[in-house]
Amino acid sequence: MATPADRIEKTILLRAPLDRVWRAISDAKEFGTWFGVEFESDFAAGARLIGKCVPTKVDPEVARAQEAYAGTAFEVHIERVEPMRLFSFRWHPFALDPDVEYSKEPMTLVSFELKETPDGTMLTITESGFDGIPLGRRADAFEANEEGWIAQTRLIEKYVMTA
């Protein structure tokens with residue numbers, strides 16, 4: 001049975017059309033612009049991609065904080081791409097220490113769910129599976145990603161309003 005610390009969920013109303021938000025989350029280049037990552041190829045269900053951390057292009061303050069991780073590589077496995085509704089991937093949460101081998105650990109599942117509303121698009125970001133992360137780094141990974149998803153909801157909001 002999952003614990004309350006197994007799952008992070010953030011919901012935000014984006015005052016942008018559904019198709020605009022969909023492009024922001026499902027296009028690897030657009031995703032990278034607001035999130036702060038460069039991928040070597042496009043998102044497609046079943047794909048394994050390597051991303052490299054880069055500063056976001058949306059917010060200078062967040063970009064400064066991300067600068068410390070610039071060039072750090074991480075792996076994502078694209079799970080589902082259901083146009084205008086759901087985009088999901090698996091990754092190793094808070095996997096930023098180059099001296100740690102994360103490949104033997106389970107990955108968490110990150111889902112972006114969209115729902116069109118009269119005022120724009122409701123985006124729900126969920127990351128689940130923290131109970132499977134080794135106990136020695138579980139709390140740190142959860143806390144870092146809890147804060148990270150708060151920042152990322154602000155970044156995507158800025159991005160879809162200006163780009």
# chains A, B, ... in the order shown; residues from 1 in each chain; ligands from 1

call {"tool": "select_by_dssp", "arguments": {"residues": "region 10-95 of chain A", "states": "strand (DSSP E or B)", "output": "VMD selection string"}}
result
chain A and resid 10 to 14 37 to 39 48 to 53 73 to 82 86 to 91

call {"tool": "residues_around", "arguments": {"residues": "region 28-43 of chain A", "least_positions_apart": "3", "cutoff": "9 Å", "atoms": "only C-alpha atoms", "output": "list in words"}}
result
Arg23, Ala24, Ile25, Gly46, Ala47, Arg48, Leu49, Ile50, Gly51, Lys52, Cys53, Val54, Pro55, Thr56, Lys57, Val58, Asp59, Ala63, Gln66, Ala70, Gly71, Ile78, Val81, Gln152, Leu155, Ile156, Lys158 and Tyr159 of chain A

call {"tool": "closest_residue", "arguments": {"among": "A:Pro118, A:Glu105, A:Ala44, A:Ser111", "to": "Gly132 (chain A)", "atoms": "only C-alpha atoms"}}
result
A:Glu105

call {"tool": "residues_around", "arguments": {"residues": "Trp22 (chain A)", "least_positions_apart": "6", "cutoff": "12 Å", "atoms": "only C-alpha atoms", "output": "list in words"}}
result
Leu14, Ala16, Ala28, Glu30, Phe31, Val81, Glu82, Pro83, Met84, Arg85, Leu86, Phe87, Phe112, Glu113, Leu114, Lys115, Glu116, Gly120, Thr121, Met122, Leu123, Ile156 and Val160 of chain A

call {"tool": "select_by_dssp", "arguments": {"residues": "chain A", "states": "helix (DSSP H, G or I)", "output": "VMD selection string"}}
result
chain A and resid 4 to 6 18 to 26 28 to 35 60 to 69 130 to 132 135 to 162

call {"tool": "closest_residue", "arguments": {"among": "A:Thr11, A:Phe89, A:Ala95, A:Val62", "to": "Phe74 (chain A)", "atoms": "only C-alpha atoms"}}
result
A:Ala95

call {"tool": "residues_around", "arguments": {"residues": "Glu143 (chain A)", "least_positions_apart": "6", "cutoff": "10 Å", "atoms": "only C-alpha atoms", "output": "tab-separated table (two decimals) with N, CA and C atoms, in the first residue's frame"}}
result
chain	number	residue	atom	x	y	z
A	5	ALA	N	3.70	9.78	1.33
A	5	ALA	CA	4.94	10.31	0.77
A	5	ALA	C	5.36	9.56	-0.49
A	8	ILE	N	3.45	12.90	-5.32
A	8	ILE	CA	3.37	14.36	-5.37
A	8	ILE	C	2.35	14.70	-6.43
A	94	PHE	N	15.54	13.13	-8.56
A	94	PHE	CA	16.64	13.80	-7.88
A	94	PHE	C	17.95	13.04	-8.07

call {"tool": "closest_residue", "arguments": {"among": "A:Ala141, A:Ala45, A:Leu109, A:Ala151", "to": "Ser26 (chain A)", "atoms": "only C-alpha atoms"}}
result
A:Ala45

call {"tool": "closest_residue", "arguments": {"among": "A:Pro98, A:Pro93, A:Thr124, A:Ala65", "to": "Phe142 (chain A)", "atoms": "only C-alpha atoms"}}
result
A:Pro93
